[in-house]
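K.L.:
What follows is entry-v1.txt, compact mmCIF, C-alpha atoms and all ligand atoms.
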# COMPACT_ATOMS: atom_id res chain seq x y z
CA MET A 1 0.00 0.00 0.00
CA ASN A 2 1.36 3.38 -0.92
CA ARG A 3 1.95 5.67 2.01
CA VAL A 4 1.60 9.35 1.50
CA MET A 5 4.95 10.55 2.79
CA ARG A 6 4.77 11.03 6.51
CA HIS A 7 7.98 13.02 6.75
CA ASP A 8 9.14 16.33 5.30
CA PRO A 9 10.46 15.75 1.79
CA LEU A 10 14.20 15.22 1.53
CA PRO A 11 16.12 17.22 -1.08
CA PRO A 12 16.12 15.38 -4.46
CA SER A 13 19.83 16.26 -4.74
CA LEU A 14 20.42 13.65 -2.03
CA PHE A 15 19.10 10.90 -4.29
CA THR A 16 20.70 12.31 -7.44
CA GLU A 17 24.09 12.32 -5.72
CA ASN A 18 23.55 8.81 -4.37
CA ARG A 19 22.83 7.51 -7.88
CA ALA A 20 25.96 9.24 -9.14
CA ARG A 21 28.04 7.64 -6.35
CA LEU A 22 26.79 4.20 -7.29
CA ALA A 23 27.24 4.81 -11.00
CA ARG A 24 30.92 5.62 -10.39
CA LEU A 25 31.43 2.15 -8.91
CA LEU A 26 29.83 0.26 -11.81
CA PRO A 27 32.17 -1.18 -14.46
CA PRO A 28 31.57 -0.04 -18.06
CA ARG A 29 28.42 -1.30 -19.81
CA SER A 30 26.62 -2.32 -16.61
CA VAL A 31 22.93 -2.31 -15.86
CA ALA A 32 21.90 -2.18 -12.18
CA ILE A 33 18.39 -3.05 -11.01
CA VAL A 34 16.88 -2.27 -7.61
CA ASN A 35 13.46 -3.54 -6.51
CA ALA A 36 11.01 -2.37 -3.88
CA ASN A 37 10.25 -4.60 -0.91
CA ASP A 38 7.29 -6.93 -0.83
CA ILE A 39 4.26 -6.22 1.28
CA LEU A 40 4.48 -9.09 3.74
CA PRO A 41 1.37 -10.98 4.85
CA THR A 42 0.48 -11.63 8.49
CA ASN A 43 -2.68 -13.74 9.01
CA ALA A 44 -6.09 -13.81 7.33
CA ASP A 45 -6.18 -10.75 5.05
CA GLY A 46 -3.66 -8.82 7.12
CA SER A 47 -0.32 -7.42 6.05
CA ILE A 48 2.55 -5.56 7.63
CA LEU A 49 2.89 -1.88 6.84
CA MET A 50 5.50 -1.94 4.09
CA ARG A 51 8.99 -1.04 5.14
CA PRO A 52 10.50 0.72 2.11
CA ASN A 53 13.52 -0.99 0.59
CA SER A 54 16.49 0.91 1.99
CA ASP A 55 18.52 0.72 -1.24
CA LEU A 56 15.64 1.89 -3.39
CA PHE A 57 14.94 4.72 -0.95
CA TYR A 58 18.63 5.66 -0.87
CA LEU A 59 18.71 5.99 -4.64
CA THR A 60 15.28 7.52 -5.30
CA GLY A 61 13.34 8.48 -2.15
CA VAL A 62 10.53 6.23 -3.39
CA GLU A 63 8.45 4.40 -0.79
CA GLN A 64 5.82 2.95 -3.12
CA GLU A 65 5.34 -0.82 -3.56
CA GLU A 66 6.37 -2.61 -6.78
CA SER A 67 8.70 0.20 -7.90
CA ILE A 68 11.85 -0.70 -9.86
CA LEU A 69 14.91 1.44 -10.55
CA VAL A 70 17.17 0.66 -13.50
CA LEU A 71 20.52 2.41 -13.86
CA PHE A 72 22.47 2.09 -17.11
CA PRO A 73 25.03 4.93 -17.03
CA ASP A 74 26.65 3.98 -20.35
CA ALA A 75 23.42 3.67 -22.32
CA ASP A 76 23.74 5.13 -25.78
CA ASP A 77 20.29 6.68 -25.47
CA GLU A 78 20.41 9.29 -22.75
CA LYS A 79 16.82 8.46 -21.80
CA MET A 80 17.87 4.94 -20.82
CA ARG A 81 20.51 5.97 -18.29
CA GLU A 82 18.19 6.19 -15.29
CA VAL A 83 14.64 4.88 -15.46
CA LEU A 84 12.14 4.44 -12.66
CA PHE A 85 9.16 2.10 -13.10
CA LEU A 86 6.10 2.68 -10.93
CA ARG A 87 2.82 0.93 -10.32
CA GLU A 88 0.24 3.14 -11.95
CA GLY A 89 -2.58 4.48 -9.82
CA ASN A 90 -6.15 3.88 -10.92
CA GLU A 91 -9.62 4.42 -9.54
CA HIS A 92 -9.71 1.01 -7.90
CA ASN A 93 -6.29 0.80 -6.22
CA GLU A 94 -6.43 4.42 -5.10
CA LEU A 95 -9.90 3.92 -3.58
CA TRP A 96 -8.60 1.10 -1.38
CA GLU A 97 -4.95 1.92 -0.90
CA GLY A 98 -4.60 5.65 -1.40
CA HIS A 99 -2.71 7.90 -3.72
CA LYS A 100 -0.04 6.50 -6.07
CA LEU A 101 2.78 8.67 -7.41
CA ARG A 102 2.07 10.57 -10.62
CA LYS A 103 4.96 10.92 -13.07
CA ASP A 104 5.53 14.59 -12.27
CA GLU A 105 5.46 13.89 -8.52
CA ALA A 106 8.01 11.12 -8.98
CA GLN A 107 10.25 13.45 -11.00
CA LYS A 108 10.15 16.03 -8.24
CA LEU A 109 10.79 13.45 -5.53
CA THR A 110 13.67 11.61 -7.21
CA GLY A 111 15.36 14.23 -9.38
CA MET A 112 14.93 11.82 -12.32
CA THR A 113 13.36 12.63 -15.67
CA GLN A 114 12.48 9.15 -16.95
CA ILE A 115 9.46 7.74 -15.11
CA LYS A 116 7.56 4.81 -16.66
CA TRP A 117 4.73 2.53 -15.59
CA SER A 118 5.56 -1.02 -14.48
CA GLN A 119 3.83 -2.63 -17.45
CA ASP A 120 6.65 -1.26 -19.65
CA PHE A 121 9.40 -2.77 -17.51
CA TRP A 122 10.30 -6.01 -19.30
CA GLY A 123 10.05 -4.41 -22.74
CA MET A 124 12.36 -1.56 -21.82
CA LEU A 125 14.72 -3.76 -19.87
CA ARG A 126 15.21 -5.83 -23.04
CA ARG A 127 16.45 -2.78 -24.91
CA MET A 128 18.90 -1.93 -22.15
CA ILE A 129 20.12 -5.40 -21.30
CA CYS A 130 20.89 -6.26 -24.93
CA GLU A 131 23.29 -3.32 -24.96
CA ALA A 132 24.95 -4.27 -21.64
CA ASP A 133 27.57 -6.81 -20.58
CA HIS A 134 27.03 -6.95 -16.82
CA VAL A 135 23.77 -7.08 -14.94
CA PHE A 136 24.03 -6.04 -11.29
CA ILE A 137 21.18 -7.36 -9.18
CA ASN A 138 20.46 -6.48 -5.61
CA SER A 139 20.15 -8.85 -2.66
CA ASN A 140 20.13 -8.47 1.10
CA GLU A 141 23.64 -9.46 2.14
CA HIS A 142 23.63 -8.43 5.79
CA LYS A 143 25.76 -11.07 7.55
CA ARG A 144 23.33 -11.57 10.41
CA SER A 145 20.13 -11.66 8.39
CA SER A 146 18.22 -14.91 8.72
CA CYS A 147 15.32 -14.92 6.30
CA GLU A 148 13.21 -17.94 5.36
CA VAL A 149 10.97 -16.02 2.99
CA GLU A 150 11.81 -15.74 -0.70
CA THR A 151 12.23 -12.03 -1.36
CA ARG A 152 11.16 -10.00 -4.36
CA ASP A 153 14.84 -9.73 -5.36
CA GLU A 154 15.22 -13.51 -5.30
CA ARG A 155 12.15 -14.01 -7.49
CA PHE A 156 13.45 -11.33 -9.80
CA ILE A 157 16.88 -12.98 -10.09
CA ARG A 158 15.20 -16.21 -11.22
CA GLU A 159 13.06 -14.45 -13.80
CA VAL A 160 15.76 -12.23 -15.30
CA GLN A 161 18.20 -15.15 -15.54
CA ARG A 162 15.53 -17.27 -17.21
CA ARG A 163 15.01 -14.55 -19.80
CA TYR A 164 18.70 -13.70 -20.29
CA PRO A 165 20.76 -16.74 -19.34
CA LEU A 166 23.92 -15.68 -21.18
CA HIS A 167 24.64 -12.38 -19.42
CA THR A 168 27.13 -12.02 -16.58
CA TYR A 169 25.27 -11.42 -13.35
CA ARG A 170 26.95 -9.62 -10.49
CA ARG A 171 26.21 -8.59 -6.92
CA LEU A 172 25.07 -5.03 -6.44
CA ALA A 173 24.97 -5.25 -2.64
CA PRO A 174 28.71 -4.75 -1.96
CA LEU A 175 28.71 -1.58 -4.08
CA LEU A 176 25.64 -0.22 -2.32
CA HIS A 177 27.19 -1.03 1.06
CA GLU A 178 30.31 0.91 0.08
CA CYS A 179 28.15 3.93 -0.77
CA ARG A 180 25.69 3.73 2.10
CA VAL A 181 28.17 3.35 4.94
CA VAL A 182 29.59 6.84 4.30
CA LYS A 183 26.87 9.34 5.09
CA SER A 184 26.45 12.63 3.27
CA ALA A 185 25.69 15.91 5.03
CA ALA A 186 22.01 15.65 4.06
CA GLU A 187 21.76 12.18 5.54
CA ILE A 188 23.53 13.23 8.73
CA ALA A 189 20.99 16.03 9.13
CA VAL A 190 18.14 13.50 9.03
CA ILE A 191 19.83 11.14 11.47
CA GLN A 192 20.44 14.13 13.75
CA ARG A 193 16.73 14.92 13.59
CA ALA A 194 15.86 11.34 14.56
CA CYS A 195 18.33 11.56 17.45
CA GLY A 196 16.73 14.82 18.58
CA LEU A 197 13.26 13.23 18.69
CA THR A 198 14.64 10.30 20.64
CA GLY A 199 16.10 12.73 23.16
CA LYS A 200 12.86 14.67 23.42
CA ALA A 201 10.94 11.49 24.16
CA PHE A 202 13.55 10.36 26.68
CA LYS A 203 13.21 13.64 28.61
CA ARG A 204 9.48 13.04 28.78
CA VAL A 205 10.14 9.53 30.11
CA LEU A 206 12.51 10.84 32.77
CA LYS A 207 9.69 12.95 34.20
CA PHE A 208 7.18 10.15 33.87
CA THR A 209 8.95 7.11 35.29
CA LYS A 210 8.25 6.02 38.87
CA PRO A 211 7.40 2.89 40.85
CA GLY A 212 3.89 1.63 40.04
CA LYS A 213 4.10 2.44 36.33
CA THR A 214 4.79 -0.41 33.89
CA GLU A 215 7.23 -1.01 31.07
CA THR A 216 4.25 -0.66 28.73
CA ASP A 217 3.43 2.77 30.16
CA VAL A 218 6.96 3.91 29.40
CA GLU A 219 6.89 2.49 25.88
CA ALA A 220 3.65 4.41 25.29
CA GLU A 221 5.35 7.67 26.31
CA PHE A 222 7.99 7.14 23.63
CA ALA A 223 5.32 6.21 21.09
CA HIS A 224 3.34 9.36 21.86
CA GLU A 225 6.30 11.63 21.30
CA PHE A 226 7.50 9.81 18.17
CA ILE A 227 4.13 9.60 16.45
CA ARG A 228 3.16 13.19 17.06
CA ASN A 229 6.45 14.19 15.44
CA ARG A 230 5.68 11.98 12.40
CA ALA A 231 8.42 9.56 13.38
CA ARG A 232 8.24 5.85 14.23
CA PHE A 233 10.16 3.40 16.38
CA ALA A 234 13.28 2.65 14.33
CA TYR A 235 13.24 -0.89 15.81
CA GLU A 236 11.26 -2.82 18.38
CA PRO A 237 11.93 -0.94 21.62
CA ILE A 238 13.39 -2.64 24.68
CA VAL A 239 11.92 -1.33 27.92
CA ALA A 240 13.29 -3.69 30.56
CA ALA A 241 13.11 -3.35 34.32
CA GLY A 242 15.35 -5.25 36.75
CA LYS A 243 16.44 -8.67 35.56
CA ASN A 244 14.52 -8.28 32.28
CA ALA A 245 17.40 -6.07 31.17
CA CYS A 246 19.70 -9.10 31.23
CA CYS A 247 17.83 -10.53 28.23
CA LEU A 248 19.52 -8.79 25.32
CA HIS A 249 16.51 -8.83 23.00
CA TYR A 250 13.77 -8.49 25.65
CA GLN A 251 10.61 -7.20 23.96
CA GLU A 252 7.60 -8.07 26.12
CA ASN A 253 7.73 -4.63 27.77
CA VAL A 254 4.92 -5.43 30.17
CA ALA A 255 6.33 -5.81 33.70
CA PRO A 256 5.58 -3.41 36.57
CA LEU A 257 8.34 -1.00 37.61
CA LYS A 258 9.48 -1.55 41.18
CA ASP A 259 11.17 0.69 43.67
CA GLY A 260 14.93 0.07 43.68
CA GLN A 261 15.10 -1.38 40.17
CA LEU A 262 17.05 -0.09 37.21
CA LEU A 263 15.12 0.40 33.98
CA LEU A 264 16.97 -0.17 30.70
CA LEU A 265 15.58 1.73 27.70
CA ASP A 266 16.89 0.80 24.25
CA VAL A 267 14.69 2.98 22.09
CA GLY A 268 15.26 5.08 19.00
CA SER A 269 13.05 7.03 16.67
CA GLY A 270 13.18 6.63 12.91
CA TYR A 271 12.48 9.69 10.81
CA ALA A 272 12.21 9.66 7.01
CA ASN A 273 13.41 6.04 7.13
CA TYR A 274 16.63 6.99 8.92
CA ALA A 275 17.26 5.44 12.32
CA SER A 276 18.62 6.59 15.63
CA ASP A 277 19.63 4.11 18.33
CA MET A 278 19.85 5.08 21.99
CA THR A 279 20.14 3.20 25.26
CA ARG A 280 19.80 4.77 28.68
CA THR A 281 19.51 3.06 32.05
CA ILE A 282 17.66 4.92 34.79
CA PRO A 283 16.66 4.24 38.41
CA VAL A 284 12.90 3.60 38.68
CA ASN A 285 12.69 5.64 41.90
CA GLY A 286 14.84 8.49 40.57
CA LYS A 287 17.99 7.78 42.61
CA PHE A 288 20.77 5.28 41.86
CA SER A 289 21.86 3.11 44.80
CA LYS A 290 25.60 3.16 45.52
CA ARG A 291 26.11 -0.19 43.79
CA GLN A 292 24.00 0.83 40.79
CA ARG A 293 25.92 4.07 40.51
CA SER A 294 29.31 2.39 40.53
CA ILE A 295 28.26 0.02 37.74
CA TYR A 296 26.68 2.91 35.87
CA ASP A 297 29.81 5.03 36.04
CA ALA A 298 31.98 2.11 34.88
CA VAL A 299 29.84 1.68 31.76
CA LEU A 300 29.82 5.43 31.23
CA ARG A 301 33.64 5.58 31.27
CA VAL A 302 33.80 2.84 28.64
CA LEU A 303 31.19 4.66 26.55
CA ARG A 304 33.11 7.94 26.73
CA ALA A 305 36.50 6.43 25.93
CA SER A 306 35.09 4.27 23.13
CA THR A 307 33.42 7.31 21.60
CA GLN A 308 36.75 9.13 21.66
CA ARG A 309 38.41 6.16 19.93
CA LEU A 310 36.13 6.50 16.89
CA ALA A 311 38.31 7.84 14.09
CA PRO A 312 39.01 7.32 10.40
CA GLY A 313 41.44 4.44 9.93
CA VAL A 314 40.40 2.55 13.08
CA LEU A 315 39.51 -1.10 12.53
CA PRO A 316 36.20 -2.00 14.19
CA LYS A 317 37.73 -5.15 15.67
CA ASP A 318 40.56 -3.18 17.29
CA TRP A 319 37.99 -0.70 18.60
CA GLN A 320 36.08 -3.59 20.18
CA LYS A 321 39.29 -5.04 21.69
CA ALA A 322 40.23 -1.70 23.29
CA ALA A 323 36.79 -1.45 24.90
CA GLU A 324 37.00 -5.02 26.16
CA ALA A 325 40.41 -4.32 27.71
CA GLN A 326 39.04 -1.22 29.44
CA MET A 327 35.91 -3.06 30.53
CA THR A 328 38.04 -5.87 31.99
CA GLU A 329 39.75 -3.29 34.24
CA GLU A 330 36.36 -1.88 35.28
CA LEU A 331 35.02 -5.34 36.09
CA LEU A 332 38.09 -6.06 38.24
CA LYS A 333 37.53 -2.80 40.16
CA LEU A 334 33.87 -3.70 40.65
CA GLY A 335 34.86 -7.12 41.99
CA LEU A 336 32.83 -8.86 39.32
CA LEU A 337 36.02 -10.39 37.89
CA LYS A 338 38.94 -11.66 39.95
CA PRO A 339 42.55 -11.29 38.74
CA LYS A 340 42.76 -15.08 38.37
CA ASP A 341 39.72 -15.06 36.00
CA VAL A 342 41.68 -12.77 33.73
CA LYS A 343 45.04 -14.48 34.11
CA LYS A 344 43.77 -17.91 33.06
CA GLN A 345 41.34 -16.59 30.43
CA ASP A 346 40.95 -18.18 27.00
CA PRO A 347 41.86 -15.43 24.49
CA GLU A 348 39.11 -16.78 22.22
CA ASN A 349 36.55 -16.28 24.97
CA PRO A 350 37.94 -13.67 27.40
CA ALA A 351 36.55 -13.28 30.90
CA VAL A 352 34.99 -9.91 30.06
CA LYS A 353 32.42 -11.71 27.87
CA LYS A 354 30.66 -13.01 30.97
CA TYR A 355 29.39 -9.49 31.67
CA PHE A 356 29.80 -7.71 28.31
CA MET A 357 29.01 -10.29 25.66
CA HIS A 358 27.89 -8.26 22.64
CA GLY A 359 29.40 -5.96 20.03
CA LEU A 360 30.47 -2.47 21.03
CA GLY A 361 28.60 -0.84 18.15
CA HIS A 362 27.48 -0.98 14.56
CA PRO A 363 27.00 1.33 11.58
CA ILE A 364 23.56 2.97 11.57
CA GLY A 365 21.68 4.79 8.83
CA LEU A 366 18.67 3.72 6.80
CA ASP A 367 18.87 0.48 8.76
CA VAL A 368 19.52 0.28 12.47
CA HIS A 369 22.20 -2.34 11.93
CA ASP A 370 23.22 -0.65 8.75
CA VAL A 371 25.11 -2.12 5.83
CA GLY A 372 28.84 -1.52 5.45
CA ASP A 373 31.96 -3.67 5.51
CA THR A 374 33.04 -3.65 9.15
CA THR A 375 36.17 -5.67 8.38
CA LYS A 376 37.51 -2.46 6.82
CA PRO A 377 38.80 0.61 8.68
CA MET A 378 36.29 3.30 9.59
CA GLN A 379 36.04 6.37 7.38
CA ALA A 380 34.90 9.93 7.97
CA GLY A 381 31.15 9.91 7.42
CA TRP A 382 30.47 6.58 9.11
CA VAL A 383 27.78 6.87 11.77
CA MET A 384 28.34 4.33 14.53
CA THR A 385 26.57 3.37 17.70
CA VAL A 386 28.65 3.00 20.84
CA GLU A 387 26.96 0.67 23.30
CA PRO A 388 28.91 -0.92 26.14
CA GLY A 389 27.02 -2.72 28.89
CA ILE A 390 27.37 -4.78 32.05
CA TYR A 391 24.81 -7.53 32.65
CA ILE A 392 24.56 -9.12 36.10
CA PRO A 393 21.69 -11.65 36.27
CA LYS A 394 22.70 -12.58 39.86
CA GLU A 395 22.00 -8.99 40.95
CA GLU A 396 18.93 -8.78 38.68
CA MET A 397 20.20 -5.74 36.83
CA ALA A 398 22.00 -4.53 33.75
CA VAL A 399 23.38 -1.20 32.62
CA ARG A 400 23.80 -0.39 28.93
CA LEU A 401 24.44 3.07 27.52
CA GLU A 402 24.29 3.80 23.81
CA ASP A 403 24.85 6.86 21.67
CA THR A 404 24.73 7.43 17.91
CA VAL A 405 28.00 9.07 16.85
CA LEU A 406 29.43 10.50 13.61
CA VAL A 407 33.05 9.75 12.69
CA THR A 408 34.94 12.76 11.29
CA GLU A 409 38.54 13.74 10.54
CA LYS A 410 38.32 16.26 13.37
CA GLY A 411 37.11 13.81 16.00
CA PRO A 412 33.83 12.15 16.89
CA VAL A 413 30.59 14.13 16.84
CA ASN A 414 28.04 12.70 19.25
CA LEU A 415 24.64 13.14 17.59
CA MET A 416 23.13 12.41 21.02
CA GLY A 417 25.38 14.85 22.86
CA LYS A 418 22.39 16.81 24.19
CA ILE A 419 20.58 13.80 25.67
CA PRO A 420 20.99 13.44 29.46
CA LEU A 421 23.64 10.85 30.26
CA GLU A 422 25.56 11.59 33.47
CA ALA A 423 24.01 9.89 36.51
CA ASP A 424 23.60 13.30 38.21
CA GLU A 425 21.81 14.71 35.17
CA ILE A 426 19.46 11.74 35.09
CA GLU A 427 18.64 12.08 38.78
CA ALA A 428 18.11 15.85 38.47
CA ALA A 429 15.73 15.40 35.53
CA MET A 430 13.75 12.77 37.43
CA ARG A 431 13.22 14.93 40.51
N1 LIG A 501 18.67 -1.46 19.39
C1 LIG A 501 19.44 -2.45 18.76
C2 LIG A 501 20.85 -2.26 19.05
O1 LIG A 501 21.20 -1.57 19.99
O2 LIG A 501 21.70 -2.70 18.34
MN MN A 502 20.05 0.03 20.73
MN MN A 503 22.63 -0.46 18.68
Turn this file's structure into structure tokens for me.

P.N.:
Amino acid sequence: MNRVMRHDPLPPSLFTENRARLARLLPPRSVAIVNANDILPTNADGSILMRPNSDLFYLTGVEQEESILVLFPDADDEKMREVLFLREGNEHNELWEGHKLRKDEAQKLTGMTQIKWSQDFWGMLRRMICEADHVFINSNEHKRSSCEVETRDERFIREVQRRYPLHTYRRLAPLLHECRVVKSAAEIAVIQRACGLTGKAFKRVLKFTKPGKTETDVEAEFAHEFIRNRARFAYEPIVAAGKNACCLHYQENVAPLKDGQLLLLDVGSGYANYASDMTRTIPVNGKFSKRQRSIYDAVLRVLRASTQRLAPGVLPKDWQKAAEAQMTEELLKLGLLKPKDVKKQDPENPAVKKYFMHGLGHPIGLDVHDVGDTTKPMQAGWVMTVEPGIYIPKEEMAVRLEDTVLVTEKGPVNLMGKIPLEADEIEAAMR
């Protein structure tokens, strides 16, 4: 179903520049094809609100189902160099589903001149493909994706290869990852806006939270602030009190908040399809106990130092190692690890993993766990999360802190720098 854009329009120059970036990475005489996402069914006649395909959005700004972008930068006919195919609106589909993009609207949105209806796709593709040597097709190549459902891209790969078995087919995903991981100024502005809304909602939650409320109540406060600002949750929020916070992907968000507990909030707004990702951990009653505070401050020191270590040229795995070394020292000071635990540790599975078992951070952008080759050194323009934590099931608590941070040549820029973080600030805001 087409969604009338919920967000302010983004500048078409953003998409024009993104297409140019991708075109520069294509070898001569290449066609590249990018499909929209499917509308996924639920039960009965239900479906999930379509999540726009991030690559298609990156290159066009289009959020409409069944859209297809074809890039053929070396086409002899100038009109074949960039073509967007759209599902045409008619009385019937617009009655039930709402407005579909007109050609002039699509031109304005995308900065493209050649807009066609989907029924012309295979005919026009024939003219392009017969002039090309390489066909670049998209696929979701995120390392941690586990997907049982055959995607639109996979069905498309079968069909195009059936029609043109003798072409060379190549993977578009690595090229798109190379482009998408480095954010432009226009993209950073949108991510900053999402971070700002997350902060605004968090401040509301700081005033709201107290014993007797529930995790659900807190989630609803975030939802209220996000929705009225035309944003959404960028991912399923984690609102976890007490020992619930020790489950890394806790999502029930239903337990009552009790006096003396810590409440872990891993919540970020998404605006114009760009994500923010924040974690804060706050005392339900507004005051950290001494023990909670010492764990909190340990995590905060690792967050601060890890943020400072974000720089062009740094290898993500070295960044992780440095944080683990620092966290090991913190855990020794807290008495959670003993020197002998560290001395006899297996380097493959160091002692620190007992309390800090996940990654320190990930690229973020159109996707929360964004695409990008993290075996390569960071570059200026990467936006990374920084998210150390300490999880202590025996004490029924966990502390994780997470910011969304831009890597630059001149040092890290914390896009969440205005969101309360110091324990004293949190307590003051909760009073
Ligand atoms: N909210 C998901 C994550 O922190 O990676
Ligand atoms: Mn998070
Ligand atoms: Mn994260």

K.L.:
Dig up all the protein and nucleic acid residues within 6 Å of (9.9, -7.1, -3.3) in the file frame, using all atoms listed in the file, and format them as a VMD selection string.

P.N.:
chain A and resid 35 to 38 151 to 153

K.L.:
Separation of atom CA of Ser146 of chain A and atom CA of Arg171 of chain A, in Å?

P.N.:
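Rounded to one decimal, the two atoms are 18.7 Å apart.
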
K.L.:
Write out as a PyMOL selection string each polymer residue (protein, DNA or RNA) that has an atom no more than 9 Å from ligand LIG 501 (chain A), with all atoms listed in the file counted.

P.N.:
chain A and resi 234-238+249+266-268+276-279+359+361-362+368-369+385-387+402

K.L.:
Rounded to one decimal in Å, what is the spacing between atom CA of Asn90 of chain A and atom CA of Leu125 of chain A?

P.N.:
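Atom-to-atom, atom CA of Asn90 of chain A to atom CA of Leu125 of chain A, that is 24.0 Å.
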
K.L.:
Which is closest to His134 of chain A among A:Thr198, A:Ser54, A:Thr168, A:Ser269, if we use all atoms listed in the file?

P.N.:
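Closest to His134 of chain A of all the choices is A:Thr168.
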
K.L.:
Which is closest to ligand MN 502 (chain A) among A:Asn349, A:Asn18, A:Gln114, A:Thr404, if we use all atoms listed in the file?

P.N.:
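Closest residue, counting all atoms listed in the file: A:Thr404.
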
K.L.:
Neighbours of Lys116 of chain A within 9 Å (only C-alpha atoms; same-chain residues fewer than 6 positions away dropped), as number ranges by chain?

P.N.:
A: 83-88, 103

K.L.:
Please, could you write that set of residues out with C-alpha atoms as a PDB file, in the frame of the given file?

P.N.:
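So out33.pdb came out as:
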ATOM      1  CA  VAL A  83      14.640   4.880 -15.460  1.00  0.00           C
ATOM      2  CA  LEU A  84      12.140   4.440 -12.660  1.00  0.00           C
ATOM      3  CA  PHE A  85       9.160   2.100 -13.100  1.00  0.00           C
ATOM      4  CA  LEU A  86       6.100   2.680 -10.930  1.00  0.00           C
ATOM      5  CA  ARG A  87       2.820   0.930 -10.320  1.00  0.00           C
ATOM      6  CA  GLU A  88       0.240   3.140 -11.950  1.00  0.00           C
ATOM      7  CA  LYS A 103       4.960  10.920 -13.070  1.00  0.00           C
TER       8      LYS A 103
END

K.L.:
What is the atom CA of Arg51 of chain A to atom CA of Val160 of chain A distance in Å?

P.N.:
24.3 Å

K.L.:
If we draw a sphere of 9 Å around (32.7, 8.3, 16.0), which residues have at least one atom in it when counting all atoms listed in the file? Please report them as a PDB file with C-alpha atoms, in the frame of the given file.

P.N.:
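Wrote part.pdb, looks like this:
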ATOM      1  CA  SER A 306      35.090   4.270  23.130  1.00  0.00           C
ATOM      2  CA  THR A 307      33.420   7.310  21.600  1.00  0.00           C
ATOM      3  CA  GLN A 308      36.750   9.130  21.660  1.00  0.00           C
ATOM      4  CA  ARG A 309      38.410   6.160  19.930  1.00  0.00           C
ATOM      5  CA  LEU A 310      36.130   6.500  16.890  1.00  0.00           C
ATOM      6  CA  ALA A 311      38.310   7.840  14.090  1.00  0.00           C
ATOM      7  CA  PRO A 312      39.010   7.320  10.400  1.00  0.00           C
ATOM      8  CA  MET A 378      36.290   3.300   9.590  1.00  0.00           C
ATOM      9  CA  ALA A 380      34.900   9.930   7.970  1.00  0.00           C
ATOM     10  CA  GLY A 381      31.150   9.910   7.420  1.00  0.00           C
ATOM     11  CA  TRP A 382      30.470   6.580   9.110  1.00  0.00           C
ATOM     12  CA  VAL A 383      27.780   6.870  11.770  1.00  0.00           C
ATOM     13  CA  MET A 384      28.340   4.330  14.530  1.00  0.00           C
ATOM     14  CA  THR A 385      26.570   3.370  17.700  1.00  0.00           C
ATOM     15  CA  VAL A 386      28.650   3.000  20.840  1.00  0.00           C
ATOM     16  CA  THR A 404      24.730   7.430  17.910  1.00  0.00           C
ATOM     17  CA  VAL A 405      28.000   9.070  16.850  1.00  0.00           C
ATOM     18  CA  LEU A 406      29.430  10.500  13.610  1.00  0.00           C
ATOM     19  CA  VAL A 407      33.050   9.750  12.690  1.00  0.00           C
ATOM     20  CA  THR A 408      34.940  12.760  11.290  1.00  0.00           C
ATOM     21  CA  GLY A 411      37.110  13.810  16.000  1.00  0.00           C
ATOM     22  CA  PRO A 412      33.830  12.150  16.890  1.00  0.00           C
ATOM     23  CA  VAL A 413      30.590  14.130  16.840  1.00  0.00           C
ATOM     24  CA  ASN A 414      28.040  12.700  19.250  1.00  0.00           C
TER      25      ASN A 414
END

K.L.:
Write out as a JSON list (two decimals) with C-alpha atoms, in the frame of the given file which residues come within 9 Å of Glu225 of chain A when counting all atoms listed in the file, dropping same-chain ones fewer than 5 positions away.

P.N.:
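As a result, around_26.json now contains:
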[["chain", "number", "residue", "atom", "x", "y", "z"],
["A", 197, "LEU", "CA", 13.26, 13.23, 18.69],
["A", 198, "THR", "CA", 14.64, 10.30, 20.64],
["A", 200, "LYS", "CA", 12.86, 14.67, 23.42],
["A", 201, "ALA", "CA", 10.94, 11.49, 24.16],
["A", 204, "ARG", "CA", 9.48, 13.04, 28.78],
["A", 220, "ALA", "CA", 3.65, 4.41, 25.29],
["A", 230, "ARG", "CA", 5.68, 11.98, 12.40],
["A", 231, "ALA", "CA", 8.42, 9.56, 13.38]]

K.L.:
Go through A:Glu154, A:Phe356, A:Lys143, A:Glu82 and flag the residue nearest Met124 of chain A, using all atoms listed in the file for the distances.

P.N.:
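Under the stated criterion, the closest residue is A:Glu82.
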
K.L.:
Can you pull out every residue within 10 Å of Val352 of chain A, counting all atoms listed in the file, but drop anything in the same chain fewer than 6 positions away, and send it as a ChimeraX atom specification?

P.N.:
/A:324-332,336-337,341-342,345,390

K.L.:
Got time to write the residues from that selection, C-alpha atoms, as an mmCIF file, in the coordinates of the input?

P.N.:
data_model
loop_
_atom_site.group_PDB
_atom_site.id
_atom_site.type_symbol
_atom_site.label_atom_id
_atom_site.label_comp_id
_atom_site.auth_asym_id
_atom_site.auth_seq_id
_atom_site.Cartn_x
_atom_site.Cartn_y
_atom_site.Cartn_z
ATOM 1 C CA GLU A 324 37.000 -5.020 26.160
ATOM 2 C CA ALA A 325 40.410 -4.320 27.710
ATOM 3 C CA GLN A 326 39.040 -1.220 29.440
ATOM 4 C CA MET A 327 35.910 -3.060 30.530
ATOM 5 C CA THR A 328 38.040 -5.870 31.990
ATOM 6 C CA GLU A 329 39.750 -3.290 34.240
ATOM 7 C CA GLU A 330 36.360 -1.880 35.280
ATOM 8 C CA LEU A 331 35.020 -5.340 36.090
ATOM 9 C CA LEU A 332 38.090 -6.060 38.240
ATOM 10 C CA LEU A 336 32.830 -8.860 39.320
ATOM 11 C CA LEU A 337 36.020 -10.390 37.890
ATOM 12 C CA ASP A 341 39.720 -15.060 36.000
ATOM 13 C CA VAL A 342 41.680 -12.770 33.730
ATOM 14 C CA GLN A 345 41.340 -16.590 30.430
ATOM 15 C CA ILE A 390 27.370 -4.780 32.050
#
